[in-house]
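Student: Enclosed is the structure file input_27.cif (mmCIF, C-alpha atoms).
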```cif
data_model
#
loop_
_atom_site.group_PDB
_atom_site.id
_atom_site.type_symbol
_atom_site.label_atom_id
_atom_site.label_comp_id
_atom_site.auth_asym_id
_atom_site.auth_seq_id
_atom_site.Cartn_x
_atom_site.Cartn_y
_atom_site.Cartn_z
ATOM 1 C CA MET S 1 -12.039 15.776 -14.799
ATOM 2 C CA PRO S 2 -10.218 13.397 -12.417
ATOM 3 C CA THR S 3 -6.475 13.837 -12.068
ATOM 4 C CA GLU S 4 -4.011 10.982 -11.938
ATOM 5 C CA THR S 5 -2.728 10.104 -8.467
ATOM 6 C CA ALA S 6 1.034 10.600 -8.133
ATOM 7 C CA VAL S 7 3.034 7.488 -7.334
ATOM 8 C CA ALA S 8 4.547 7.524 -3.838
ATOM 9 C CA ARG S 9 8.334 7.352 -4.103
ATOM 10 C CA PRO S 10 10.061 4.938 -1.658
ATOM 11 C CA ALA S 11 12.092 6.861 0.938
ATOM 12 C CA SER S 12 13.821 6.420 4.288
ATOM 13 C CA THR S 13 14.769 8.623 7.205
ATOM 14 C CA ILE S 14 16.574 8.125 10.521
ATOM 15 C CA LEU S 15 16.072 9.642 13.947
ATOM 16 C CA LEU S 16 19.653 9.540 15.242
ATOM 17 C CA LEU S 17 19.591 9.738 19.028
ATOM 18 C CA ARG S 18 21.993 10.496 21.856
ATOM 19 C CA ASP S 19 21.592 11.006 25.606
ATOM 20 C CA ARG S 20 22.449 14.456 26.974
ATOM 21 C CA GLY S 21 20.422 14.595 30.189
ATOM 22 C CA GLY S 22 17.569 13.287 28.062
ATOM 23 C CA ILE S 23 17.153 12.460 24.408
ATOM 24 C CA GLU S 24 18.628 14.648 21.700
ATOM 25 C CA VAL S 25 17.963 13.967 18.020
ATOM 26 C CA PHE S 26 20.001 15.052 15.008
ATOM 27 C CA MET S 27 18.022 17.305 12.657
ATOM 28 C CA MET S 28 18.744 19.375 9.564
ATOM 29 C CA VAL S 29 17.276 22.478 7.923
ATOM 30 C CA ARG S 30 16.503 21.757 4.283
ATOM 31 C CA HIS S 31 17.660 24.303 1.713
ATOM 32 C CA TYR S 32 14.943 26.812 0.843
ATOM 33 C CA GLN S 33 15.343 26.007 -2.882
ATOM 34 C CA ILE S 34 14.701 22.270 -2.392
ATOM 35 C CA GLU S 35 11.403 21.322 -4.036
ATOM 36 C CA PHE S 36 10.046 19.232 -1.155
ATOM 37 C CA ALA S 37 9.827 20.575 2.437
ATOM 38 C CA SER S 38 12.014 23.579 1.633
ATOM 39 C CA GLY S 39 13.327 25.322 4.747
ATOM 40 C CA ALA S 40 11.910 22.637 7.048
ATOM 41 C CA LEU S 41 13.627 21.128 10.070
ATOM 42 C CA VAL S 42 13.741 17.395 9.326
ATOM 43 C CA PHE S 43 15.559 14.170 10.109
ATOM 44 C CA PRO S 44 18.225 13.123 7.581
ATOM 45 C CA GLY S 45 16.905 10.937 4.797
ATOM 46 C CA GLY S 46 15.704 10.746 1.212
ATOM 47 C CA SER S 47 14.610 8.555 -1.646
ATOM 48 C CA VAL S 48 15.626 4.924 -2.099
ATOM 49 C CA ASP S 49 17.716 4.621 -5.278
ATOM 50 C CA ALA S 50 18.921 1.865 -7.593
ATOM 51 C CA GLY S 51 22.279 1.709 -5.823
ATOM 52 C CA ASP S 52 20.562 0.702 -2.593
ATOM 53 C CA GLN S 53 18.964 -2.236 -4.384
ATOM 54 C CA ASP S 54 22.390 -3.157 -5.804
ATOM 55 C CA ILE S 55 23.787 -3.385 -2.271
ATOM 56 C CA VAL S 56 20.942 -5.745 -1.308
ATOM 57 C CA GLY S 57 22.439 -8.153 -3.865
ATOM 58 C CA THR S 58 25.890 -7.917 -2.223
ATOM 59 C CA PRO S 59 25.298 -9.383 1.268
ATOM 60 C CA GLU S 60 28.943 -9.090 2.351
ATOM 61 C CA LEU S 61 28.410 -5.312 2.500
ATOM 62 C CA TYR S 62 25.799 -5.314 5.278
ATOM 63 C CA ASP S 63 24.831 -6.980 8.540
ATOM 64 C CA ASN S 64 21.557 -8.848 8.166
ATOM 65 C CA ARG S 65 21.653 -10.742 11.443
ATOM 66 C CA ASN S 66 17.939 -9.999 11.867
ATOM 67 C CA GLY S 67 17.057 -11.894 8.685
ATOM 68 C CA LEU S 68 15.248 -9.072 6.896
ATOM 69 C CA ASP S 69 13.763 -9.573 3.442
ATOM 70 C CA PRO S 70 15.085 -7.628 0.405
ATOM 71 C CA ALA S 71 12.265 -5.080 0.532
ATOM 72 C CA ALA S 72 13.086 -4.199 4.140
ATOM 73 C CA LEU S 73 16.830 -4.210 3.489
ATOM 74 C CA LYS S 74 16.732 -1.557 0.769
ATOM 75 C CA PHE S 75 14.972 0.926 3.052
ATOM 76 C CA ARG S 76 17.591 0.479 5.776
ATOM 77 C CA ILE S 77 20.472 0.726 3.319
ATOM 78 C CA ALA S 78 18.971 3.915 1.898
ATOM 79 C CA ALA S 79 18.596 5.360 5.387
ATOM 80 C CA ILE S 80 22.280 4.801 6.191
ATOM 81 C CA ARG S 81 23.433 6.086 2.782
ATOM 82 C CA GLU S 82 21.287 9.224 2.938
ATOM 83 C CA THR S 83 22.485 9.949 6.468
ATOM 84 C CA PHE S 84 26.103 9.667 5.350
ATOM 85 C CA GLU S 85 25.472 11.882 2.308
ATOM 86 C CA GLU S 86 23.680 14.553 4.295
ATOM 87 C CA SER S 87 25.613 14.562 7.567
ATOM 88 C CA GLY S 88 28.779 12.443 7.269
ATOM 89 C CA ILE S 89 27.541 10.185 10.090
ATOM 90 C CA LEU S 90 28.306 6.581 9.169
ATOM 91 C CA LEU S 91 26.523 3.591 10.703
ATOM 92 C CA ALA S 92 28.981 0.870 9.720
ATOM 93 C CA ARG S 93 31.591 -1.485 11.143
ATOM 94 C CA PRO S 94 35.053 -2.420 9.924
ATOM 95 C CA ARG S 95 34.726 -5.891 8.400
ATOM 96 C CA GLY S 96 35.303 -8.502 11.095
ATOM 97 C CA SER S 97 34.684 -6.086 13.988
ATOM 98 C CA ASP S 98 31.735 -5.802 16.371
ATOM 99 C CA ALA S 99 32.433 -2.108 17.011
ATOM 100 C CA LEU S 100 31.132 0.739 14.878
ATOM 101 C CA VAL S 101 33.677 2.794 12.964
ATOM 102 C CA THR S 102 35.334 5.412 15.132
ATOM 103 C CA ALA S 103 34.560 9.083 14.684
ATOM 104 C CA PRO S 104 38.042 9.864 13.241
ATOM 105 C CA ARG S 105 37.700 7.010 10.731
ATOM 106 C CA ALA S 106 34.181 8.088 9.752
ATOM 107 C CA ASP S 107 35.436 11.645 9.245
ATOM 108 C CA GLU S 108 38.314 10.371 7.124
ATOM 109 C CA ILE S 109 35.943 8.411 4.902
ATOM 110 C CA SER S 110 33.587 11.381 4.703
ATOM 111 C CA GLN S 111 36.364 13.775 3.718
ATOM 112 C CA ALA S 112 37.599 11.388 1.035
ATOM 113 C CA HIS S 113 34.336 10.267 -0.524
ATOM 114 C CA ARG S 114 31.242 12.214 0.552
ATOM 115 C CA THR S 115 31.437 14.959 -2.085
ATOM 116 C CA ALA S 116 32.036 12.465 -4.893
ATOM 117 C CA LEU S 117 29.083 10.391 -3.688
ATOM 118 C CA CYS S 118 26.758 13.398 -3.591
ATOM 119 C CA GLU S 119 27.896 14.395 -7.106
ATOM 120 C CA GLY S 120 27.286 10.904 -8.475
ATOM 121 C CA LYS S 121 30.964 10.277 -9.201
ATOM 122 C CA THR S 122 31.128 7.171 -7.038
ATOM 123 C CA SER S 123 28.658 4.737 -5.483
ATOM 124 C CA PHE S 124 27.943 4.003 -1.847
ATOM 125 C CA ALA S 125 28.610 0.319 -2.549
ATOM 126 C CA GLN S 126 32.086 1.216 -3.833
ATOM 127 C CA ILE S 127 32.848 3.315 -0.752
ATOM 128 C CA VAL S 128 31.690 0.551 1.601
ATOM 129 C CA ALA S 129 33.662 -2.135 -0.249
ATOM 130 C CA ASP S 130 36.879 -0.121 -0.755
ATOM 131 C CA ASN S 131 37.013 0.851 2.923
ATOM 132 C CA GLY S 132 36.380 -2.665 4.229
ATOM 133 C CA LEU S 133 33.058 -1.790 5.835
ATOM 134 C CA VAL S 134 29.857 -3.615 6.726
ATOM 135 C CA LEU S 135 26.691 -1.497 7.050
ATOM 136 C CA ALA S 136 25.242 -1.831 10.571
ATOM 137 C CA LEU S 137 21.624 -2.399 9.560
ATOM 138 C CA ASP S 138 21.042 -4.204 12.857
ATOM 139 C CA GLN S 139 21.395 -0.859 14.678
ATOM 140 C CA LEU S 140 18.185 0.473 13.107
ATOM 141 C CA GLU S 141 14.786 -0.050 14.697
ATOM 142 C CA HIS S 142 11.682 0.445 12.561
ATOM 143 C CA TYR S 143 9.848 3.428 14.035
ATOM 144 C CA ALA S 144 7.121 4.620 11.668
ATOM 145 C CA HIS S 145 5.715 4.357 8.148
ATOM 146 C CA TRP S 146 4.095 7.381 6.529
ATOM 147 C CA ILE S 147 2.666 7.710 3.023
ATOM 148 C CA THR S 148 1.846 11.144 1.603
ATOM 149 C CA PRO S 149 -1.905 11.699 1.074
ATOM 150 C CA VAL S 150 -3.186 10.803 -2.390
ATOM 151 C CA VAL S 151 -4.280 14.395 -3.067
ATOM 152 C CA MET S 152 -0.696 15.705 -2.993
ATOM 153 C CA PRO S 153 1.193 16.254 -6.273
ATOM 154 C CA LYS S 154 4.461 14.876 -4.884
ATOM 155 C CA ARG S 155 4.259 11.790 -2.700
ATOM 156 C CA PHE S 156 6.619 9.632 -0.635
ATOM 157 C CA ASP S 157 6.310 6.200 0.944
ATOM 158 C CA THR S 158 8.657 6.790 3.865
ATOM 159 C CA HIS S 159 9.931 4.392 6.486
ATOM 160 C CA PHE S 160 11.271 6.038 9.658
ATOM 161 C CA PHE S 161 13.981 4.331 11.709
ATOM 162 C CA ILE S 162 15.624 5.194 15.013
ATOM 163 C CA ALA S 163 19.187 4.405 16.010
ATOM 164 C CA LYS S 164 21.694 5.332 18.663
ATOM 165 C CA ALA S 165 24.198 7.715 17.087
ATOM 166 C CA PRO S 166 27.713 6.264 16.762
ATOM 167 C CA PRO S 167 29.889 7.540 19.633
ATOM 168 C CA GLU S 168 31.454 10.958 19.025
ATOM 169 C CA GLN S 169 30.092 11.276 15.481
ATOM 170 C CA VAL S 170 28.391 14.665 15.634
ATOM 171 C CA GLY S 171 27.452 15.215 11.980
ATOM 172 C CA VAL S 172 27.626 18.294 9.760
ATOM 173 C CA HIS S 173 25.213 19.458 7.038
ATOM 174 C CA ASP S 174 26.330 19.445 3.409
ATOM 175 C CA GLY S 175 25.505 23.091 2.678
ATOM 176 C CA LYS S 176 23.555 22.060 -0.428
ATOM 177 C CA GLU S 177 20.444 20.024 0.379
ATOM 178 C CA SER S 178 20.632 21.296 3.966
ATOM 179 C CA THR S 179 21.853 24.632 5.304
ATOM 180 C CA ASP S 180 22.100 23.926 9.019
ATOM 181 C CA SER S 181 22.175 21.012 11.442
ATOM 182 C CA ILE S 182 21.479 20.718 15.139
ATOM 183 C CA TRP S 183 21.293 18.252 18.008
ATOM 184 C CA VAL S 184 18.062 19.149 19.730
ATOM 185 C CA SER S 185 15.694 17.731 22.325
ATOM 186 C CA PRO S 186 12.203 16.846 21.083
ATOM 187 C CA ARG S 187 10.784 19.488 23.440
ATOM 188 C CA GLU S 188 13.039 22.254 22.072
ATOM 189 C CA ALA S 189 12.260 21.299 18.469
ATOM 190 C CA LEU S 190 8.521 21.342 19.153
ATOM 191 C CA GLU S 191 8.711 24.647 20.998
ATOM 192 C CA GLY S 192 10.637 26.040 18.031
ATOM 193 C CA GLY S 193 7.883 24.870 15.715
ATOM 194 C CA GLU S 194 5.260 26.631 17.833
ATOM 195 C CA SER S 195 7.248 29.871 18.056
ATOM 196 C CA GLY S 196 8.128 30.001 14.375
ATOM 197 C CA ARG S 197 11.835 29.371 14.927
ATOM 198 C CA PHE S 198 11.497 26.076 13.046
ATOM 199 C CA LYS S 199 9.261 24.907 10.226
ATOM 200 C CA LEU S 200 8.137 21.376 11.096
ATOM 201 C CA PRO S 201 6.321 19.067 8.663
ATOM 202 C CA PHE S 202 3.285 17.284 10.100
ATOM 203 C CA PRO S 203 4.901 13.780 10.313
ATOM 204 C CA THR S 204 8.019 15.288 11.900
ATOM 205 C CA THR S 205 5.926 16.943 14.596
ATOM 206 C CA ARG S 206 4.044 13.727 15.361
ATOM 207 C CA ASN S 207 7.254 11.711 15.615
ATOM 208 C CA LEU S 208 8.925 14.312 17.837
ATOM 209 C CA ILE S 209 5.938 14.215 20.210
ATOM 210 C CA LYS S 210 6.095 10.409 20.245
ATOM 211 C CA LEU S 211 9.862 10.436 20.846
ATOM 212 C CA GLY S 212 9.553 13.045 23.590
ATOM 213 C CA LYS S 213 7.559 10.611 25.735
ATOM 214 C CA GLN S 214 10.679 8.474 26.266
ATOM 215 C CA PRO S 215 13.131 9.216 29.099
ATOM 216 C CA GLY S 216 16.238 8.151 27.193
ATOM 217 C CA VAL S 217 17.680 6.525 24.097
ATOM 218 C CA ASP S 218 17.599 2.934 25.365
ATOM 219 C CA ALA S 219 13.956 3.310 26.387
ATOM 220 C CA ALA S 220 13.078 4.717 22.961
ATOM 221 C CA LEU S 221 14.805 1.815 21.211
ATOM 222 C CA GLU S 222 13.095 -0.753 23.419
ATOM 223 C CA ASP S 223 9.707 0.878 22.839
ATOM 224 C CA ALA S 224 10.290 0.700 19.077
ATOM 225 C CA ARG S 225 11.205 -2.998 19.279
ATOM 226 C CA ARG S 226 7.981 -3.955 20.984
ATOM 227 C CA SER S 227 5.562 -1.565 19.261
ATOM 228 C CA PRO S 228 4.015 -2.579 15.936
ATOM 229 C CA VAL S 229 4.334 -0.032 13.140
ATOM 230 C CA VAL S 230 0.980 1.048 11.720
ATOM 231 C CA THR S 231 1.075 2.615 8.260
ATOM 232 C CA VAL S 232 -0.134 6.219 8.267
ATOM 233 C CA MET S 233 -1.572 7.826 5.128
ATOM 234 C CA PRO S 234 -3.404 10.924 6.353
ATOM 235 C CA GLU S 235 -6.894 11.531 5.014
ATOM 236 C CA VAL S 236 -7.479 15.156 4.062
ATOM 237 C CA SER S 237 -10.871 16.799 4.596
ATOM 238 C CA LYS S 238 -12.431 20.221 5.157
ATOM 239 C CA ASP S 239 -14.830 21.517 7.772
ATOM 240 C CA GLY S 240 -15.792 25.014 6.722
ATOM 241 C CA ASP S 241 -12.568 26.976 6.598
ATOM 242 C CA ARG S 242 -10.700 24.312 8.518
ATOM 243 C CA ARG S 243 -8.358 21.830 6.840
ATOM 244 C CA LEU S 244 -8.237 18.540 8.702
ATOM 245 C CA LEU S 245 -5.965 15.510 8.664
ATOM 246 C CA ARG S 246 -7.088 12.165 10.058
ATOM 247 C CA ILE S 247 -4.609 9.399 10.905
ATOM 248 C CA PRO S 248 -5.196 5.891 12.320
ATOM 249 C CA ALA S 249 -6.073 5.944 16.019
ATOM 250 C CA ASP S 250 -3.896 2.891 16.647
ATOM 251 C CA ALA S 251 -0.734 4.395 15.091
ATOM 252 C CA GLY S 252 0.566 5.429 18.518
ATOM 253 C CA TYR S 253 0.512 9.188 18.091
ATOM 254 C CA ASP S 254 -1.034 12.052 20.036
ATOM 255 C CA GLY S 255 -4.438 11.968 18.431
ATOM 256 C CA GLU S 256 -6.497 10.986 15.418
ATOM 257 C CA LEU S 257 -7.875 14.229 13.942
ATOM 258 C CA PHE S 258 -5.752 17.353 13.526
ATOM 259 C CA ASP S 259 -6.585 20.883 12.387
ATOM 260 C CA VAL S 260 -3.798 21.929 10.004
ATOM 261 C CA SER S 261 -5.420 25.066 8.651
ATOM 262 C CA GLY S 262 -2.299 27.056 9.459
ATOM 263 C CA GLY S 263 -0.082 24.745 7.397
ATOM 264 C CA VAL S 264 1.909 21.594 8.183
#
```
Before we go any further, please render this structure as structure tokens.

Tutor:
Amino acid sequence: MPTETAVARPASTILLLRDRGGIEVFMMVRHYQIEFASGALVFPGGSVDAGDQDIVGTPELYDNRNGLDPAALKFRIAAIRETFEESGILLARPRGSDALVTAPRADEISQAHRTALCEGKTSFAQIVADNGLVLALDQLEHYAHWITPVVMPKRFDTHFFIAKAPPEQVGVHDGKESTDSIWVSPREALEGGESGRFKLPFPTTRNLIKLGKQPGVDAALEDARRSPVVTVMPEVSKDGDRRLLRIPADAGYDGELFDVSGGV
């Protein structure tokens, strides 16, 4: 009897980058009791929620100099909100300023409001408005778009963005959804996945390999600006005992067919 396909939940994630003799990216270890990707090393992010859509309707709270449509805006707003919730890193500017908020100011806002936000006692829109901020959506470059295969019981429609990390904002995990955080080079993260030090989801691995081809943050951002994003929804198949995933050849990754028999 056919089973109903789960609806893919809209979600966003950010690859926050800095140069330290090469690219480093901010990553977090998800709590082992989290239902999705438990214990995995991932980029900060999560589901788009109703509050993100509310902010879309309040244009004074974000920078839309790139003229994005409402559908695109909500994914970027969610990416910045989730990053703040999970790490305390805040991609925003004081209203009327061209500079991003300083690390001390971001820490002050985090200390005052992050716990209440995570507990649902305040809204991100309220925090942004009360602190005279404008979300720096223009700092995000669209990097990838992955949709969970239709055969999976829990599915996400996830847009990946990359951005240069605000100066001196180093980030810290919340101890709830994530239990550790690290600035790591793509090479080190991938080597950790191969050795068993890290558990890397399949899309995370592909995006780390893609990122690792760039010599620095500015090059990665420029590559994202000029490269079209091809939607990836892996097709699952079997070949004997092998479990295979096929992705579009023109998506810009390191192959088209992957043997994931050992897990992803």

Student: So which residues touch region 202-215 of chain S within 10 Å, counting all atoms listed in the file, skipping near sequence neighbours fewer than 3 positions away, as a PyMOL selection string?

Tutor: chain S and resi 15+17+19+21-25+40-43+143-148+160+162+185-190+193+199+218-224+232+234+245+252-255+258+260+263-264

Student: Given the file shown, determine the residues that the PyMOL selection byres ((chain S and resi 152) around 12) selects; report them as a tab-separated table (two decimals) with C-alpha atoms, in the frame of the given file.

Tutor:
```
chain	number	residue	atom	x	y	z
S	3	THR	CA	-6.48	13.84	-12.07
S	4	GLU	CA	-4.01	10.98	-11.94
S	5	THR	CA	-2.73	10.10	-8.47
S	6	ALA	CA	1.03	10.60	-8.13
S	7	VAL	CA	3.03	7.49	-7.33
S	8	ALA	CA	4.55	7.52	-3.84
S	36	PHE	CA	10.05	19.23	-1.16
S	147	ILE	CA	2.67	7.71	3.02
S	148	THR	CA	1.85	11.14	1.60
S	149	PRO	CA	-1.90	11.70	1.07
S	150	VAL	CA	-3.19	10.80	-2.39
S	151	VAL	CA	-4.28	14.40	-3.07
S	153	PRO	CA	1.19	16.25	-6.27
S	154	LYS	CA	4.46	14.88	-4.88
S	155	ARG	CA	4.26	11.79	-2.70
S	156	PHE	CA	6.62	9.63	-0.64
S	233	MET	CA	-1.57	7.83	5.13
S	234	PRO	CA	-3.40	10.92	6.35
S	235	GLU	CA	-6.89	11.53	5.01
S	236	VAL	CA	-7.48	15.16	4.06
```

Student: Could you state the separation of CA of Thr83 (chain S) and CA of Gly96 (chain S) in Å, given to one decimal place?

Tutor: 22.9 Å

Student: What does the PyMOL selection byres ((chain S and resi 128-138) around 7) select in this file, as a PDB file with C-alpha atoms, keeping the file's coordinate frame?

Tutor:
```
ATOM      1  CA  LEU S  61      28.410  -5.312   2.500  1.00  0.00           C
ATOM      2  CA  TYR S  62      25.799  -5.314   5.278  1.00  0.00           C
ATOM      3  CA  ASP S  63      24.831  -6.980   8.540  1.00  0.00           C
ATOM      4  CA  ASN S  64      21.557  -8.848   8.166  1.00  0.00           C
ATOM      5  CA  ARG S  65      21.653 -10.742  11.443  1.00  0.00           C
ATOM      6  CA  ASN S  66      17.939  -9.999  11.867  1.00  0.00           C
ATOM      7  CA  ARG S  76      17.591   0.479   5.776  1.00  0.00           C
ATOM      8  CA  LEU S  91      26.523   3.591  10.703  1.00  0.00           C
ATOM      9  CA  ALA S  92      28.981   0.870   9.720  1.00  0.00           C
ATOM     10  CA  ARG S  93      31.591  -1.485  11.143  1.00  0.00           C
ATOM     11  CA  PRO S  94      35.053  -2.420   9.924  1.00  0.00           C
ATOM     12  CA  ARG S  95      34.726  -5.891   8.400  1.00  0.00           C
ATOM     13  CA  PHE S 124      27.943   4.003  -1.847  1.00  0.00           C
ATOM     14  CA  ALA S 125      28.610   0.319  -2.549  1.00  0.00           C
ATOM     15  CA  GLN S 126      32.086   1.216  -3.833  1.00  0.00           C
ATOM     16  CA  ILE S 127      32.848   3.315  -0.752  1.00  0.00           C
ATOM     17  CA  GLN S 139      21.395  -0.859  14.678  1.00  0.00           C
ATOM     18  CA  LEU S 140      18.185   0.473  13.107  1.00  0.00           C
TER      19      LEU S 140
END
```

Student: Could you please determine the separation between CA of Asp259 (chain S) and CA of Val229 (chain S) in Å, to one decimal place?

Tutor: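 Going from CA of Asp259 (chain S) over to CA of Val229 (chain S), I get 23.6 Å.
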
Student: Could you tell me which residues the PyMOL selection byres ((chain S and resi 49) around 9) returns for this structure, as a PyMOL selection string?

Tutor: chain S and resi 10-11+47-48+50-53+74+78

Student: Quick one: distance from CA of Glu119 (chain S) to CA of Gly45 (chain S) in Å, one decimal?

Tutor: 16.6 Å

Student: Counting only C-alpha atoms, figure out which residue out of S:Gly240, S:Pro228, S:Pro167, S:Pro44 gets nearest to Met27 (chain S).

Tutor: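 Nearest candidate to Met27 (chain S) out of S:Gly240, S:Pro228, S:Pro167, S:Pro44: S:Pro44.
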